[in-house]
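Following: one structure in structure tokens, then a few remarks.
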Amino acid sequence: MNKPIRNRAITGTALALAASAVLTACGGEDNSSSSDAKAKNAPNTKAVAVKDPLVATFDGGLYVLDAESLKLANTIELPGFNRLNPAGDDSHVIVSTDSGFRVLNAAEQTFPGIEYKGAKPGHVVQHAGKTVLFTDGTGEVNVFDPADLKGGKKPEGRTYTSAEPHHGVAIELTNGELLTTLGTEEKRTGALVLDKNNKEIKRNENCPGVHGEATAKGEAVGIGCEDGILIYKNGKFTKVDAPDDYGRIGNQRGSDTSPILLGDYKTDPEAELERPTRISLINTETGKLRLVDLGTSYSFRSLGRGPQGEALLLGTDGNLHVIDPETGKVEKKIPVVDEWQEPLDWQQPRPTLFVRDNTAYVSEPGKRQLHAIDIESGKKVTSVTLPKSTNELSGVVAGH
């Protein structure tokens with residue numbers, strides 16, 4: 001395994017990594033468990049279909065919950081360090097395991113046998129009715145229509161293999177163009193764009209340490225760099241420079257209702273773990289970048305967007321900060337969890353934010369709890385205490 005570059009590693013979190021096989025994904029670079037990824041439903045439990053389910057990981061498996069009541073619907077055993085992403089429909093979730101991407105029918109709490117095998121399963125992106133998987137260990141990109149998952153068979157879809165394996169990300173646009181990152185295991189440099197036939201039509205290598213993506217109103221795609229952010233819109237690349245020589249934006253969230261992207265912001269390449277208090281707001285129409293100091297730190301699992309395009313951030317002060325992306329003003333702070341600190345090991349649990357429609361779901365591992373917050377009213381709708389502390393939190397998201 002290659003030696004990571006301090007906090008230029010893909011979480012934005014500097015780690016001393018073991019020299020074993022690694023599983024990478026949108027949070028960071030990690031050393032996964034050596035346990036096999038065999039999974040089964042908990043014994044003596046009859047699964048009842050769940051509408052709009054949530055899924056949370058714990059040490060040894062997955063919890064499937066009813067989103068409205070937060071009632072625990074089922075427990076699925078799944079050894080190893082597992083990660084979660086929406087599959088893009090109203091039933092399925094993508095689980096990143098030791099052996100690759102596995103599709104979970106969360107509504108029915110079963111694995112239908114759909115797998116995309118490969119070392120280090122990474123980013124999962126939904127956009128324009130397509131879901132895109134990037135496997136870091138092979139550089140393979142898989143694109144499919146999530147509606148085709150309903151038959152329980154692996155969808156037929158587009159594939160592309162990067163020139164070299166790297167921790168990357170890809171997104172297919174409405175016109176069929178595929179934007180995907182450039183890099184090697186040692187160095188990531190930018191992105192290229194392919195036409196429908198996988199022929200390269202655009203390239204930009206002015207994005208050192210490229211990581212993560214988000215899409216804004218008007219289908220402007222932003223990918224983070226160690227010195228700002230690279231935007232692709234209407235067939236052109238535009239670089240938005242950070243105000244600092246090292247100004248890393250590694251995690252972003254976008255909204256179809258806002259031209260402004262929400263990003264993290266780090267400035268210390270030598271830090272073992274930087275705990276930033278500033279966020280970045282990038283206007284994809286004007287090319288302007290605004291930094292906002294919230295007076296509280298956060299982690300890579302803290303960013304989200306509300307139904308009206310609100311920028312949301314779960315701070316270590318325990319509050320959900322609701323921010324106007326146009327002005328950077330914090331419109332309200334919603335108390336959700338106790339104060340917390342981001343652990344040095346990014347695989348360790350910490351409060352996590354998952355947003356769907358008008359509801360912000362927040363985990364509180366220290367209390368084994370999960371909370372549902374109405375974003376507009378700021379009221380805590382319901383909470384539940386689970387058997388074990390959870391780590392990742394996600395759910396089905398249709399229509400994205």
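Just so we're on the same page: first chain in the structure tokens is A, next is B, and so on; residues restart at 1 for each chain, and ligands are numbered from 1 in the order they show up.
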
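Neighbours of stretch 341-353 of chain A closer than or equal to 6 Å, with only C-alpha atoms counted and sequence neighbours fewer than 2 positions away skipped, come out as Arg301, Ser302, Thr316, Tyr361, Val362, Ser363, Glu364 and Asn391 of chain A.
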
Notebook entry, point to check: Which residues in stretch 180-344 of chain A does DSSP call strand (DSSP E or B)? List them as JSON, numbers by chain.
Noted result: {"A": [180, 181, 182, 183, 188, 189, 190, 191, 192, 193, 194, 200, 201, 202, 203, 204, 211, 212, 213, 214, 215, 216, 220, 221, 222, 223, 224, 225, 227, 228, 229, 230, 231, 232, 233, 236, 237, 238, 239, 240, 241, 247, 248, 252, 253, 254, 255, 258, 259, 260, 261, 262, 263, 266, 278, 279, 280, 281, 282, 283, 288, 289, 290, 291, 292, 293, 303, 304, 305, 311, 312, 313, 314, 319, 320, 321, 322, 323, 330, 331, 332, 333, 334, 335]}

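With only C-alpha atoms as the atoms that count, the minimum distance from A:Asn85 to the choices A:Pro335, A:Pro365, A:Gly122, A:Pro112 is reached by A:Gly122.
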
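For the pair atom CA of A:Ala163 and atom CA of A:Ile94, the separation is 25.0 Å.
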
Find the spatial neighbours of A:Ala398, counting only C-alpha atoms, within a cut-off of 10 Å - ignore same-chain residues fewer than 5 positions away - and output them as a tab-separated table (two decimals) with N, CA and C atoms, in the first residue's frame.
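Final file, around_28.tsv:
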```tsv
chain	number	residue	atom	x	y	z
A	52	ASP	N	-39.72	3.41	2.51
A	52	ASP	CA	-38.69	4.44	2.65
A	52	ASP	C	-37.74	4.14	3.82
A	86	PRO	N	-27.20	5.59	-0.86
A	86	PRO	CA	-28.45	5.32	-1.57
A	86	PRO	C	-28.16	4.73	-2.94
A	87	ALA	N	-29.03	3.82	-3.39
A	87	ALA	CA	-28.87	3.25	-4.72
A	87	ALA	C	-29.56	4.10	-5.78
A	88	GLY	N	-30.47	4.98	-5.36
A	88	GLY	CA	-31.13	5.86	-6.31
A	88	GLY	C	-32.60	5.55	-6.55
A	89	ASP	N	-33.15	4.53	-5.86
A	89	ASP	CA	-34.58	4.23	-5.99
A	89	ASP	C	-35.21	4.19	-4.61
A	90	ASP	N	-36.45	3.70	-4.53
A	90	ASP	CA	-37.17	3.72	-3.26
A	90	ASP	C	-37.05	2.43	-2.46
A	91	SER	N	-36.14	1.55	-2.88
A	91	SER	CA	-36.04	0.25	-2.21
A	91	SER	C	-34.62	-0.16	-1.83
A	92	HIS	N	-33.62	0.29	-2.58
A	92	HIS	CA	-32.29	-0.28	-2.46
A	92	HIS	C	-31.24	0.68	-1.92
A	126	GLN	N	-25.50	9.46	-7.46
A	126	GLN	CA	-26.77	9.42	-8.17
A	126	GLN	C	-27.02	10.77	-8.82
A	129	GLY	N	-31.09	10.27	-12.95
A	129	GLY	CA	-31.65	8.94	-13.12
A	129	GLY	C	-30.65	7.83	-13.30
A	146	PRO	N	-31.11	2.82	-11.66
A	146	PRO	CA	-31.54	2.13	-10.44
A	146	PRO	C	-32.92	1.48	-10.56
A	147	ALA	N	-33.73	1.92	-11.51
A	147	ALA	CA	-35.04	1.29	-11.71
A	147	ALA	C	-34.87	-0.16	-12.13
A	356	ARG	N	-33.16	13.56	4.02
A	356	ARG	CA	-34.08	13.12	2.99
A	356	ARG	C	-35.34	13.96	3.07
```

Next item on the list: With a distance cut-off of 7 Å and only C-alpha atoms, select the neighbouring residues of A:His211, excluding the residue or stretch itself and same-chain residues fewer than 4 positions from it, and output the selection as JSON, numbers by chain.
Entry: {"A": [10, 168, 223, 224, 225, 250]}

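Counting only C-alpha atoms and comparing A:Gly318, A:Gly218, A:Gly61, A:Gly137, the residue that lies closest to A:Thr174 is A:Gly218.
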
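Across the model, the gap from atom CA of A:Leu194 to atom CA of A:Asn175 is 10.9 Å.
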
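Straight-line separation from atom CA of A:Tyr232 to atom CA of A:Glu219: 8.6 Å.
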
With only C-alpha atoms as the counted atoms, please give the residues lying no more than 7 Å from A:Asp317, apart from itself and same-chain residues fewer than 5 positions off, as a PDB file with all heavy atoms, in the first residue's frame.
```
ATOM      1  N   THR A 296     -17.507  26.230  15.230  1.00  0.00           N
ATOM      2  CA  THR A 296     -17.561  24.843  15.691  1.00  0.00           C
ATOM      3  C   THR A 296     -16.958  23.960  14.615  1.00  0.00           C
ATOM      4  O   THR A 296     -17.080  24.250  13.420  1.00  0.00           O
ATOM      5  CB  THR A 296     -19.006  24.396  15.985  1.00  0.00           C
ATOM      6  OG1 THR A 296     -19.008  23.036  16.449  1.00  0.00           O
ATOM      7  CG2 THR A 296     -19.880  24.475  14.744  1.00  0.00           C
ATOM      8  N   GLU A 339     -22.436  17.555  22.843  1.00  0.00           N
ATOM      9  CA  GLU A 339     -21.170  17.952  22.231  1.00  0.00           C
ATOM     10  C   GLU A 339     -20.311  16.713  22.002  1.00  0.00           C
ATOM     11  O   GLU A 339     -20.342  15.761  22.773  1.00  0.00           O
ATOM     12  CB  GLU A 339     -20.436  18.942  23.135  1.00  0.00           C
ATOM     13  CG  GLU A 339     -21.113  20.302  23.220  1.00  0.00           C
ATOM     14  CD  GLU A 339     -20.284  21.306  24.002  1.00  0.00           C
ATOM     15  OE1 GLU A 339     -19.086  21.028  24.238  1.00  0.00           O
ATOM     16  OE2 GLU A 339     -20.825  22.357  24.379  1.00  0.00           O
ATOM     17  N   TRP A 340     -19.519  16.737  20.936  1.00  0.00           N
ATOM     18  CA  TRP A 340     -18.709  15.581  20.576  1.00  0.00           C
ATOM     19  C   TRP A 340     -17.412  16.046  19.927  1.00  0.00           C
ATOM     20  O   TRP A 340     -17.253  17.224  19.593  1.00  0.00           O
ATOM     21  CB  TRP A 340     -19.471  14.649  19.633  1.00  0.00           C
ATOM     22  CG  TRP A 340     -20.007  15.305  18.385  1.00  0.00           C
ATOM     23  CD1 TRP A 340     -21.114  16.101  18.278  1.00  0.00           C
ATOM     24  CD2 TRP A 340     -19.451  15.235  17.062  1.00  0.00           C
ATOM     25  NE1 TRP A 340     -21.284  16.525  16.982  1.00  0.00           N
ATOM     26  CE2 TRP A 340     -20.282  16.008  16.212  1.00  0.00           C
ATOM     27  CE3 TRP A 340     -18.351  14.578  16.523  1.00  0.00           C
ATOM     28  CZ2 TRP A 340     -20.041  16.152  14.842  1.00  0.00           C
ATOM     29  CZ3 TRP A 340     -18.098  14.723  15.145  1.00  0.00           C
ATOM     30  CH2 TRP A 340     -18.943  15.500  14.333  1.00  0.00           C
TER      31      TRP A 340
END
```

Notebook entry, point to check: Can you tell me, as a ChimeraX atom specification, what residues are no more than 8 Å from A:Asp195 when counting only C-alpha atoms, ignoring any on the same chain fewer than 2 positions away?
Noted result: /A:176-178,193,197-201

Convert the current residue selection to file output with C-alpha atoms, as a tab-separated table (two decimals), in the first residue's frame.
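What landed in out-v3.tsv:
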```tsv
chain	number	residue	atom	x	y	z
A	176	GLY	CA	-24.74	11.15	-21.57
A	177	GLU	CA	-21.34	12.67	-20.89
A	178	LEU	CA	-19.33	10.87	-18.21
A	193	VAL	CA	-15.08	14.02	-19.75
A	197	ASN	CA	-19.12	6.27	-26.63
A	198	ASN	CA	-16.46	6.73	-23.93
A	199	LYS	CA	-14.35	8.92	-26.19
A	200	GLU	CA	-12.47	11.65	-24.32
A	201	ILE	CA	-13.70	15.15	-25.23
```

Next item on the list: Can you pull out every residue within 7 Å of stretch 102-104 of chain A, counting only C-alpha atoms, but drop anything in the same chain fewer than 5 positions away, and send it as a PyMOL selection string?
Entry: chain A and resi 92-96+109-112+114-116

Selected residues, C-alpha atoms, written as an mmCIF file, in the first residue's frame, please.
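So the final result, stored in part.cif, reads:
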```cif
data_model
loop_
_atom_site.group_PDB
_atom_site.id
_atom_site.type_symbol
_atom_site.label_atom_id
_atom_site.label_comp_id
_atom_site.auth_asym_id
_atom_site.auth_seq_id
_atom_site.Cartn_x
_atom_site.Cartn_y
_atom_site.Cartn_z
ATOM 1 C CA HIS A 92 -32.289 -0.280 -2.464
ATOM 2 C CA VAL A 93 -29.071 0.788 -0.771
ATOM 3 C CA ILE A 94 -25.491 0.199 -1.925
ATOM 4 C CA VAL A 95 -23.303 -1.466 0.707
ATOM 5 C CA SER A 96 -19.532 -1.204 0.277
ATOM 6 C CA GLN A 109 -34.145 -6.483 4.076
ATOM 7 C CA THR A 110 -32.526 -8.949 1.708
ATOM 8 C CA PHE A 111 -29.466 -9.134 -0.528
ATOM 9 C CA PRO A 112 -30.787 -10.134 -3.994
ATOM 10 C CA ILE A 114 -26.386 -8.179 -7.158
ATOM 11 C CA GLU A 115 -22.691 -7.452 -6.714
ATOM 12 C CA TYR A 116 -19.981 -5.345 -8.327
#
```
